[in-house]
file start-v2.cif (mmCIF, C-alpha atoms)
data_entry
#
loop_
_atom_site.label_atom_id
_atom_site.label_comp_id
_atom_site.auth_asym_id
_atom_site.auth_seq_id
_atom_site.Cartn_x
_atom_site.Cartn_y
_atom_site.Cartn_z
CA MET A 1 0.00 0.00 0.00
CA VAL A 2 1.25 3.49 -0.86
CA GLY A 3 2.76 5.36 2.08
CA ILE A 4 0.77 8.60 2.16
CA SER A 5 2.58 11.79 3.11
CA GLY A 6 -0.24 14.29 3.53
CA ARG A 7 -0.63 17.98 4.34
CA ALA A 8 -3.92 19.53 5.47
CA LEU A 9 -4.80 22.44 3.17
CA HIS A 10 -8.29 23.86 3.59
CA PHE A 11 -12.00 23.26 4.07
CA VAL A 12 -14.50 24.40 1.44
CA LEU A 13 -17.61 26.35 2.45
CA LYS A 14 -20.34 27.26 -0.02
CA ILE A 15 -21.60 30.78 0.64
CA GLY A 16 -24.70 32.59 -0.56
CA ASN A 17 -23.87 36.20 0.36
CA ARG A 18 -20.31 37.09 -0.61
CA LYS A 19 -20.32 40.58 0.93
CA ALA A 20 -21.60 39.38 4.32
CA ASN A 21 -19.06 36.55 4.39
CA TYR A 22 -16.23 38.90 3.41
CA GLU A 23 -17.11 41.09 6.37
CA PHE A 24 -17.45 38.10 8.72
CA PHE A 25 -14.20 36.35 7.90
CA LYS A 26 -12.12 39.52 7.52
CA ASN A 27 -13.56 41.89 10.11
CA VAL A 28 -14.97 39.54 12.73
CA LEU A 29 -12.58 36.59 12.56
CA LYS A 30 -9.64 38.80 11.50
CA MET A 31 -8.58 36.54 8.62
CA ASN A 32 -6.57 37.73 5.64
CA ILE A 33 -7.79 37.58 2.04
CA LEU A 34 -5.09 35.35 0.55
CA ARG A 35 -6.25 34.99 -3.07
CA HIS A 36 -9.36 35.42 -5.18
CA GLU A 37 -10.22 33.68 -8.45
CA GLU A 38 -13.16 33.99 -10.84
CA PHE A 39 -14.42 31.19 -13.13
CA GLU A 40 -16.88 31.41 -16.00
CA LYS A 41 -18.06 27.79 -15.82
CA GLY A 42 -18.34 24.99 -13.29
CA CYS A 43 -15.32 23.06 -12.07
CA GLU A 44 -14.58 19.63 -13.60
CA ALA A 45 -14.02 18.26 -10.09
CA MET A 46 -17.21 19.96 -8.83
CA CYS A 47 -15.14 22.29 -6.65
CA ASN A 48 -18.14 24.64 -6.65
CA GLY A 49 -20.69 21.85 -6.23
CA PRO A 50 -23.07 20.57 -8.92
CA TYR A 51 -23.42 23.94 -10.65
CA ASP A 52 -22.39 24.88 -14.19
CA GLY A 53 -22.44 28.66 -14.09
CA LYS A 54 -20.13 31.49 -13.08
CA TRP A 55 -18.51 31.12 -9.65
CA SER A 56 -15.64 32.39 -7.56
CA LYS A 57 -13.19 31.06 -5.02
CA THR A 58 -11.77 33.15 -2.18
CA MET A 59 -9.11 31.76 0.15
CA VAL A 60 -9.08 33.27 3.64
CA GLY A 61 -6.88 32.48 6.61
CA TYR A 62 -4.27 33.59 9.10
CA GLY A 63 -1.20 33.15 6.95
CA PRO A 64 0.24 31.70 3.73
CA GLU A 65 -1.32 28.48 2.51
CA ASP A 66 2.12 26.83 2.55
CA GLU A 67 2.03 27.07 6.34
CA HIS A 68 -1.61 27.39 7.40
CA PHE A 69 -4.87 25.51 7.15
CA VAL A 70 -7.35 27.95 5.60
CA VAL A 71 -10.94 28.29 4.37
CA GLU A 72 -12.07 28.29 0.76
CA LEU A 73 -15.21 30.37 0.24
CA THR A 74 -17.01 29.09 -2.85
CA TYR A 75 -19.59 31.44 -4.31
CA ASN A 76 -21.98 30.47 -7.12
CA TYR A 77 -23.41 33.66 -8.58
CA THR A 78 -26.92 32.30 -9.12
CA VAL A 79 -27.28 30.43 -5.80
CA LYS A 80 -28.28 32.71 -2.93
CA SER A 81 -28.57 30.14 -0.12
CA TYR A 82 -27.87 26.49 0.68
CA ARG A 83 -29.77 24.16 2.97
CA LEU A 84 -27.45 23.12 5.79
CA GLY A 85 -27.08 19.55 6.95
CA ASN A 86 -25.35 18.20 10.03
CA ASP A 87 -22.25 16.92 8.23
CA LEU A 88 -20.01 19.80 9.32
CA LYS A 89 -19.97 20.14 13.11
CA GLY A 90 -17.82 23.26 12.89
CA LEU A 91 -14.45 24.91 12.45
CA THR A 92 -12.23 25.74 15.43
CA ILE A 93 -9.95 28.76 15.74
CA ARG A 94 -7.38 29.10 18.51
CA SER A 95 -6.48 32.70 19.26
CA ASP A 96 -6.48 34.91 22.36
CA GLU A 97 -6.50 37.95 20.08
CA VAL A 98 -9.53 36.89 18.04
CA LEU A 99 -11.33 35.71 21.17
CA ALA A 100 -10.88 39.10 22.86
CA SER A 101 -11.93 40.97 19.73
CA VAL A 102 -15.13 38.95 19.29
CA ARG A 103 -15.97 39.25 22.99
CA ALA A 104 -15.67 43.03 22.73
CA GLY A 105 -17.57 43.23 19.43
CA THR A 106 -21.25 43.20 18.57
CA TYR A 107 -21.39 40.11 16.34
CA PRO A 108 -23.83 37.55 17.86
CA LYS A 109 -22.08 34.83 19.86
CA GLU A 110 -22.73 32.13 22.43
CA VAL A 111 -20.45 31.67 25.43
CA GLN A 112 -19.25 28.11 26.00
CA GLU A 113 -17.00 27.88 29.09
CA ASP A 114 -13.73 29.53 27.94
CA SER A 115 -14.68 29.63 24.26
CA LEU A 116 -17.20 31.30 21.95
CA LEU A 117 -19.49 29.90 19.29
CA LEU A 118 -20.31 32.04 16.26
CA ARG A 119 -22.43 31.26 13.24
CA SER A 120 -21.33 32.57 9.87
CA PRO A 121 -23.81 34.43 7.64
CA ASP A 122 -24.71 31.05 6.09
CA GLY A 123 -25.05 29.32 9.46
CA TYR A 124 -21.75 27.44 9.67
CA LYS A 125 -20.47 27.05 13.24
CA VAL A 126 -17.13 28.58 14.19
CA PHE A 127 -15.65 27.92 17.63
CA ILE A 128 -13.04 30.31 19.02
CA LYS A 129 -10.82 29.02 21.81
CA PRO A 130 -7.97 30.64 23.75
CA GLY A 131 -4.39 30.19 22.65
CA PRO A 132 -1.34 32.02 21.33
CA GLY A 133 -1.20 33.40 17.81
CA LYS A 134 -4.02 33.03 15.29
CA LEU A 135 -4.64 29.57 13.89
CA LEU A 136 -7.45 27.58 12.31
CA VAL A 137 -6.76 24.31 14.11
CA GLU A 138 -9.62 21.88 13.49
CA VAL A 139 -12.49 20.84 11.24
CA SER A 140 -15.10 18.63 12.89
CA LEU A 141 -17.19 16.17 10.86
CA SER A 142 -20.17 13.95 11.71
CA VAL A 143 -19.87 10.20 11.15
CA THR A 144 -22.32 7.36 11.76
CA ASN A 145 -19.87 4.59 12.61
CA LEU A 146 -16.68 5.73 14.31
CA ALA A 147 -14.90 2.39 13.94
CA LYS A 148 -15.64 2.26 10.21
CA SER A 149 -14.54 5.88 9.79
CA LEU A 150 -11.30 5.20 11.62
CA ASP A 151 -10.62 2.30 9.28
CA TYR A 152 -10.86 4.82 6.45
CA TRP A 153 -9.16 7.93 7.85
CA ASN A 154 -6.50 6.15 9.91
CA LYS A 155 -5.80 2.88 8.09
CA LEU A 156 -6.40 3.94 4.47
CA LEU A 157 -5.62 7.67 4.49
CA GLN A 158 -2.95 6.99 7.13
CA MET A 159 -3.75 9.94 9.38
CA THR A 160 -2.49 9.53 12.94
CA VAL A 161 -5.04 9.20 15.74
CA ARG A 162 -4.10 11.91 18.21
CA GLU A 163 -6.99 11.45 20.62
CA LYS A 164 -9.90 9.04 20.90
CA GLY A 165 -13.03 8.64 23.01
CA ASP A 166 -16.12 6.46 22.87
CA ASP A 167 -17.84 8.65 20.29
CA PHE A 168 -15.09 10.81 18.80
CA ALA A 169 -11.57 10.72 17.42
CA VAL A 170 -9.07 13.42 16.47
CA LEU A 171 -6.67 12.73 13.60
CA THR A 172 -3.79 14.59 12.00
CA PHE A 173 -1.18 14.26 9.27
CA GLY A 174 1.49 15.74 11.55
CA ASN A 175 2.46 18.20 14.26
CA GLY A 176 1.56 21.78 13.45
CA GLN A 177 -1.18 20.75 11.02
CA ALA A 178 -4.91 21.18 11.44
CA ASP A 179 -6.80 18.26 12.95
CA VAL A 180 -9.83 16.41 11.64
CA ARG A 181 -12.25 15.57 14.43
CA LEU A 182 -14.80 12.81 13.79
CA GLU A 183 -17.90 12.77 16.00
CA GLN A 184 -20.39 9.91 15.92
CA VAL A 185 -24.05 10.81 15.32
CA PRO A 186 -27.13 8.72 14.43
CA SER A 187 -27.23 9.90 10.79
CA VAL A 188 -25.41 12.31 8.47
CA ASP A 189 -27.22 14.75 6.19
CA HIS A 190 -25.03 16.61 3.68
CA ALA A 191 -27.98 18.63 2.37
CA GLU A 192 -27.01 21.30 -0.23
CA ALA A 193 -24.16 22.99 1.62
CA PHE A 194 -21.87 19.95 1.79
CA GLY A 195 -18.23 20.94 2.01
CA ARG A 196 -14.92 19.32 1.18
CA THR A 197 -11.63 18.81 3.05
CA ALA A 198 -8.48 19.21 0.95
CA PHE A 199 -5.11 17.60 1.50
CA SER A 200 -1.98 17.59 -0.61
CA THR A 201 0.43 14.73 -1.22
CA PRO A 202 3.46 14.47 -3.46
CA GLY A 203 2.19 14.58 -7.03
CA SER A 204 3.46 11.07 -7.69
CA GLN A 205 1.11 9.72 -5.00
CA VAL A 206 -2.18 11.14 -6.28
CA GLN A 207 -2.91 8.43 -8.84
CA GLU A 208 -1.48 5.77 -6.51
CA ILE A 209 -3.96 6.81 -3.82
CA GLU A 210 -6.82 6.67 -6.32
CA LYS A 211 -5.75 3.17 -7.39
CA MET A 212 -5.41 1.99 -3.80
CA MET A 213 -8.82 3.36 -2.77
CA SER A 214 -10.46 1.80 -5.84
CA GLU A 215 -8.90 -1.58 -5.08
CA LYS A 216 -10.19 -1.31 -1.51
CA GLY A 217 -13.72 -0.76 -2.82
CA GLN A 218 -13.88 2.87 -1.69
CA THR A 219 -15.75 5.69 -3.43
CA ILE A 220 -14.01 7.77 -6.09
CA ILE A 221 -16.21 10.81 -6.63
CA THR A 222 -14.01 12.39 -9.30
CA PRO A 223 -11.26 10.32 -10.93
CA TYR A 224 -7.81 11.80 -11.49
CA VAL A 225 -8.12 15.05 -13.43
CA SER A 226 -6.01 18.12 -14.23
CA LEU A 227 -7.58 21.43 -13.23
CA ASP A 228 -6.60 24.75 -14.78
CA THR A 229 -6.80 28.15 -13.12
CA PRO A 230 -6.38 31.06 -15.57
CA GLY A 231 -2.88 32.50 -15.29
CA LYS A 232 -1.81 30.00 -12.63
CA ALA A 233 -0.48 26.48 -12.22
CA THR A 234 -2.36 23.39 -13.32
CA VAL A 235 -2.97 20.90 -10.53
CA GLN A 236 -3.86 17.21 -10.50
CA VAL A 237 -6.62 16.09 -8.16
CA VAL A 238 -8.71 13.10 -7.14
CA ILE A 239 -11.91 13.50 -5.11
CA LEU A 240 -12.64 10.67 -2.69
CA GLY A 241 -15.72 9.88 -0.62
CA ASP A 242 -15.44 8.48 2.91
CA PRO A 243 -17.98 5.96 4.34
CA ASP A 244 -20.40 8.80 5.17
CA GLY A 245 -19.97 10.64 1.88
CA HIS A 246 -17.62 13.36 3.13
CA GLU A 247 -15.70 14.69 0.14
CA ILE A 248 -11.90 14.56 0.34
CA CYS A 249 -9.75 16.32 -2.24
CA ILE A 250 -6.27 14.91 -2.80
CA VAL A 251 -4.11 17.32 -4.80
CA GLY A 252 -0.50 17.19 -5.96
CA ASP A 253 1.57 19.25 -3.55
CA GLU A 254 4.09 20.68 -6.00
CA GLY A 255 1.49 22.22 -8.29
CA PHE A 256 -0.67 23.36 -5.41
CA ARG A 257 2.18 25.25 -3.74
CA ASP A 258 2.60 27.21 -6.98
CA LEU A 259 -1.14 27.73 -7.44
CA SER A 260 -1.72 28.83 -3.83
CA LYS A 261 0.78 31.66 -3.60
CA ALA A 262 -0.79 34.64 -1.86
CA GLU A 263 -1.84 37.56 -4.07
CA ASP A 264 -0.95 41.09 -3.00
CA ASP A 265 -4.14 42.40 -4.61
CA ALA A 266 -6.52 39.64 -3.43
CA ASP A 267 -8.47 41.95 -1.11
CA GLU A 268 -8.82 44.56 -3.83
CA LYS A 269 -9.96 41.92 -6.33
CA ILE A 270 -12.78 40.53 -4.17
CA GLN A 271 -13.97 44.01 -3.19
CA LYS A 272 -14.25 44.91 -6.88
CA GLN A 273 -16.16 41.71 -7.64
CA ILE A 274 -18.53 42.36 -4.75
CA ALA A 275 -19.18 45.88 -6.05
CA ASP A 276 -19.78 44.62 -9.59
CA ASP A 277 -21.88 41.59 -8.60
CA TRP A 278 -25.05 41.32 -10.70
CA SER A 279 -26.50 38.26 -8.97
CA ASP A 280 -28.98 40.07 -6.70
CA ASP A 281 -30.68 41.61 -9.73
CA TRP A 282 -30.65 38.22 -11.44
CA ALA A 283 -32.27 36.57 -8.39
CA LYS A 284 -35.06 39.17 -8.34
CA SER A 285 -35.90 38.44 -11.97
CA ASN A 286 -35.60 34.67 -11.52
CA PRO A 287 -37.53 33.93 -8.31
#
call {"tool": "encode", "arguments": {"input": "start-v2.cif", "output": "structure tokens"}}
result
Amino acid sequence: MVGISGRALHFVLKIGNRKANYEFFKNVLKMNILRHEEFEKGCEAMCNGPYDGKWSKTMVGYGPEDEHFVVELTYNYTVKSYRLGNDLKGLTIRSDEVLASVRAGTYPKEVQEDSLLLRSPDGYKVFIKPGPGKLLVEVSLSVTNLAKSLDYWNKLLQMTVREKGDDFAVLTFGNGQADVRLEQVPSVDHAEAFGRTAFSTPGSQVQEIEKMMSEKGQTIITPYVSLDTPGKATVQVVILGDPDGHEICIVGDEGFRDLSKAEDDADEKIQKQIADDWSDDWAKSNP
């Protein structure tokens, strides 16, 4: 079996109101706008979900993607909201600075012992816990059978189990990387807002992982494909599905490091796109 050397990259959130999410992630959570890309048609690997029209991708986080786990905000121009399921339990930020800022601010929040719970404009849960620096440290997913999920995430994907309880497990690809927390629930509903967790591996491993997963009878949502971003690097990806249907993107690390370089004008680019956005008028004429 291929020895997987993985790196946690980002989690994908579909958003319906780009302006409100820009303000939430930048001004409330204090994240940086790392890069912004516009696409005229749907992604071959369904990066933007099962939609064919114009869409955009905005990467936000606390530092360069080479060194930080970040969030990908996927915006389909003609989709103004998504029904949430229970598949994503939430994202966790560790930061004394962000915690103090949110406590002092007016954005709605719930106090949970020493942490805060916020809901994004689309309803996604974000937990803020105390700690040094500013880091996005965990994505938490619902699973129906913890043992079966551990067989997948630990034995097949080869993530290390860092912590385990009767109904949860925390896994990682290495120290300093974001964790994936699996929490057992009676059933998982991905609804319309289903997200995707992205990891990179050496480019030579991407097809090997696809082959291994196929031989093990696991779900391949999107077979190996090359994805182009205008003016940037081409990357090779495979989209996997875990036992509960959580989407996992495996991308070649070398190409992704080139693709994911931060843009000095990313903030300016998304602000311009927000100002020029025609989708509200389209929605009014297409109820």
call {"tool": "resolve_selection", "arguments": {"input": "start-v2.cif", "expression": "the PyMOL selection byres ((chain A and resi 129) around 9)", "output": "PyMOL selection string"}}
result
chain A and resi 92-96+98-99+114-116+127-128+130-131
call {"tool": "closest_residue", "arguments": {"input": "start-v2.cif", "among": "A:Ala193, A:Val60, A:Ala262, A:Leu157", "to": "Cys249 (chain A)", "atoms": "only C-alpha atoms"}}
result
A:Leu157
call {"tool": "residues_around", "arguments": {"input": "start-v2.cif", "residues": "region 250-257 of chain A", "least_positions_apart": "5", "cutoff": "12 Å", "atoms": "all atoms listed in the file", "output": "ChimeraX atom specification"}}
result
/A:4-10,45,64-68,157,196-210,213,220-229,232-241,262
call {"tool": "write_last_selection", "arguments": {"input": "start-v2.cif", "atoms": "C-alpha atoms", "output": "PDB file, keeping the file's coordinate frame"}}
result
ATOM      1  CA  ILE A   4       0.770   8.600   2.160  1.00  0.00           C
ATOM      2  CA  SER A   5       2.580  11.790   3.110  1.00  0.00           C
ATOM      3  CA  GLY A   6      -0.240  14.290   3.530  1.00  0.00           C
ATOM      4  CA  ARG A   7      -0.630  17.980   4.340  1.00  0.00           C
ATOM      5  CA  ALA A   8      -3.920  19.530   5.470  1.00  0.00           C
ATOM      6  CA  LEU A   9      -4.800  22.440   3.170  1.00  0.00           C
ATOM      7  CA  HIS A  10      -8.290  23.860   3.590  1.00  0.00           C
ATOM      8  CA  ALA A  45     -14.020  18.260 -10.090  1.00  0.00           C
ATOM      9  CA  PRO A  64       0.240  31.700   3.730  1.00  0.00           C
ATOM     10  CA  GLU A  65      -1.320  28.480   2.510  1.00  0.00           C
ATOM     11  CA  ASP A  66       2.120  26.830   2.550  1.00  0.00           C
ATOM     12  CA  GLU A  67       2.030  27.070   6.340  1.00  0.00           C
ATOM     13  CA  HIS A  68      -1.610  27.390   7.400  1.00  0.00           C
ATOM     14  CA  LEU A 157      -5.620   7.670   4.490  1.00  0.00           C
ATOM     15  CA  ARG A 196     -14.920  19.320   1.180  1.00  0.00           C
ATOM     16  CA  THR A 197     -11.630  18.810   3.050  1.00  0.00           C
ATOM     17  CA  ALA A 198      -8.480  19.210   0.950  1.00  0.00           C
ATOM     18  CA  PHE A 199      -5.110  17.600   1.500  1.00  0.00           C
ATOM     19  CA  SER A 200      -1.980  17.590  -0.610  1.00  0.00           C
ATOM     20  CA  THR A 201       0.430  14.730  -1.220  1.00  0.00           C
ATOM     21  CA  PRO A 202       3.460  14.470  -3.460  1.00  0.00           C
ATOM     22  CA  GLY A 203       2.190  14.580  -7.030  1.00  0.00           C
ATOM     23  CA  SER A 204       3.460  11.070  -7.690  1.00  0.00           C
ATOM     24  CA  GLN A 205       1.110   9.720  -5.000  1.00  0.00           C
ATOM     25  CA  VAL A 206      -2.180  11.140  -6.280  1.00  0.00           C
ATOM     26  CA  GLN A 207      -2.910   8.430  -8.840  1.00  0.00           C
ATOM     27  CA  GLU A 208      -1.480   5.770  -6.510  1.00  0.00           C
ATOM     28  CA  ILE A 209      -3.960   6.810  -3.820  1.00  0.00           C
ATOM     29  CA  GLU A 210      -6.820   6.670  -6.320  1.00  0.00           C
ATOM     30  CA  MET A 213      -8.820   3.360  -2.770  1.00  0.00           C
ATOM     31  CA  ILE A 220     -14.010   7.770  -6.090  1.00  0.00           C
ATOM     32  CA  ILE A 221     -16.210  10.810  -6.630  1.00  0.00           C
ATOM     33  CA  THR A 222     -14.010  12.390  -9.300  1.00  0.00           C
ATOM     34  CA  PRO A 223     -11.260  10.320 -10.930  1.00  0.00           C
ATOM     35  CA  TYR A 224      -7.810  11.800 -11.490  1.00  0.00           C
ATOM     36  CA  VAL A 225      -8.120  15.050 -13.430  1.00  0.00           C
ATOM     37  CA  SER A 226      -6.010  18.120 -14.230  1.00  0.00           C
ATOM     38  CA  LEU A 227      -7.580  21.430 -13.230  1.00  0.00           C
ATOM     39  CA  ASP A 228      -6.600  24.750 -14.780  1.00  0.00           C
ATOM     40  CA  THR A 229      -6.800  28.150 -13.120  1.00  0.00           C
ATOM     41  CA  LYS A 232      -1.810  30.000 -12.630  1.00  0.00           C
ATOM     42  CA  ALA A 233      -0.480  26.480 -12.220  1.00  0.00           C
ATOM     43  CA  THR A 234      -2.360  23.390 -13.320  1.00  0.00           C
ATOM     44  CA  VAL A 235      -2.970  20.900 -10.530  1.00  0.00           C
ATOM     45  CA  GLN A 236      -3.860  17.210 -10.500  1.00  0.00           C
ATOM     46  CA  VAL A 237      -6.620  16.090  -8.160  1.00  0.00           C
ATOM     47  CA  VAL A 238      -8.710  13.100  -7.140  1.00  0.00           C
ATOM     48  CA  ILE A 239     -11.910  13.500  -5.110  1.00  0.00           C
ATOM     49  CA  LEU A 240     -12.640  10.670  -2.690  1.00  0.00           C
ATOM     50  CA  GLY A 241     -15.720   9.880  -0.620  1.00  0.00           C
ATOM     51  CA  ALA A 262      -0.790  34.640  -1.860  1.00  0.00           C
TER      52      ALA A 262
END
call {"tool": "atom_distance", "arguments": {"input": "start-v2.cif", "atom1": "CA of Leu29 (chain A)", "atom2": "CA of Asp122 (chain A)"}}
result
14.8 Å
call {"tool": "closest_residue", "arguments": {"input": "start-v2.cif", "among": "A:Ser120, A:Tyr82, A:Val161, A:Tyr75", "to": "Phe25 (chain A)", "atoms": "all atoms listed in the file"}}
result
A:Ser120
call {"tool": "resolve_selection", "arguments": {"input": "start-v2.cif", "expression": "the PyMOL selection byres ((chain A and resi 42) around 10)", "output": "PyMOL selection string"}}
result
chain A and resi 39-41+43-56+76
call {"tool": "atom_distance", "arguments": {"input": "start-v2.cif", "atom1": "CA of Thr160 (chain A)", "atom2": "CA of Val143 (chain A)"}}
result
17.5 Å
call {"tool": "resolve_selection", "arguments": {"input": "start-v2.cif", "expression": "the PyMOL selection byres ((chain A and resi 153) around 12)", "output": "ChimeraX atom specification"}}
result
/A:4,6,141,143,146-152,154-161,169-173,179-182,213,218,240-244,246,248
call {"tool": "atom_distance", "arguments": {"input": "start-v2.cif", "atom1": "CA of Lys125 (chain A)", "atom2": "CA of Asp264 (chain A)"}}
result
29.0 Å
call {"tool": "residues_around", "arguments": {"input": "start-v2.cif", "residues": "Lys89 (chain A)", "least_positions_apart": "6", "cutoff": "12 Å", "atoms": "only C-alpha atoms", "output": "ChimeraX atom specification"}}
result
/A:117,119,123-127,138-143,168,180-185,188-190,194-195
call {"tool": "axis_aligned_box", "arguments": {"input": "start-v2.cif", "around": "region 186-200 of chain A", "padding_each_side": "3 Å", "output": "JSON"}}
result
{"center_x": -15.0, "center_y": 15.9, "center_z": 6.9, "size_x": 32.0, "size_y": 20.3, "size_z": 21.0}
call {"tool": "closest_residue", "arguments": {"input": "start-v2.cif", "among": "A:Pro121, A:Gly105, A:Gly133, A:Gly63", "to": "Glu263 (chain A)", "atoms": "all atoms listed in the file"}}
result
A:Gly63
call {"tool": "closest_residue", "arguments": {"input": "start-v2.cif", "among": "A:Lys211, A:Glu97, A:Gln112, A:Glu163", "to": "Pro132 (chain A)", "atoms": "all atoms listed in the file"}}
result
A:Glu97
call {"tool": "residues_around", "arguments": {"input": "start-v2.cif", "residues": "Asp277 (chain A)", "least_positions_apart": "2", "cutoff": "12 Å", "atoms": "only C-alpha atoms", "output": "mmCIF file with C-alpha atoms, in the coordinates of the input"}}
result
data_model
loop_
_atom_site.group_PDB
_atom_site.id
_atom_site.type_symbol
_atom_site.label_atom_id
_atom_site.label_comp_id
_atom_site.auth_asym_id
_atom_site.auth_seq_id
_atom_site.Cartn_x
_atom_site.Cartn_y
_atom_site.Cartn_z
ATOM 1 C CA ASN A 17 -23.870 36.200 0.360
ATOM 2 C CA ARG A 18 -20.310 37.090 -0.610
ATOM 3 C CA LYS A 19 -20.320 40.580 0.930
ATOM 4 C CA GLU A 38 -13.160 33.990 -10.840
ATOM 5 C CA LYS A 54 -20.130 31.490 -13.080
ATOM 6 C CA TRP A 55 -18.510 31.120 -9.650
ATOM 7 C CA SER A 56 -15.640 32.390 -7.560
ATOM 8 C CA TYR A 75 -19.590 31.440 -4.310
ATOM 9 C CA ASN A 76 -21.980 30.470 -7.120
ATOM 10 C CA TYR A 77 -23.410 33.660 -8.580
ATOM 11 C CA THR A 78 -26.920 32.300 -9.120
ATOM 12 C CA ILE A 270 -12.780 40.530 -4.170
ATOM 13 C CA GLN A 271 -13.970 44.010 -3.190
ATOM 14 C CA LYS A 272 -14.250 44.910 -6.880
ATOM 15 C CA GLN A 273 -16.160 41.710 -7.640
ATOM 16 C CA ILE A 274 -18.530 42.360 -4.750
ATOM 17 C CA ALA A 275 -19.180 45.880 -6.050
ATOM 18 C CA SER A 279 -26.500 38.260 -8.970
ATOM 19 C CA ASP A 280 -28.980 40.070 -6.700
ATOM 20 C CA ASP A 281 -30.680 41.610 -9.730
ATOM 21 C CA TRP A 282 -30.650 38.220 -11.440
ATOM 22 C CA ALA A 283 -32.270 36.570 -8.390
#
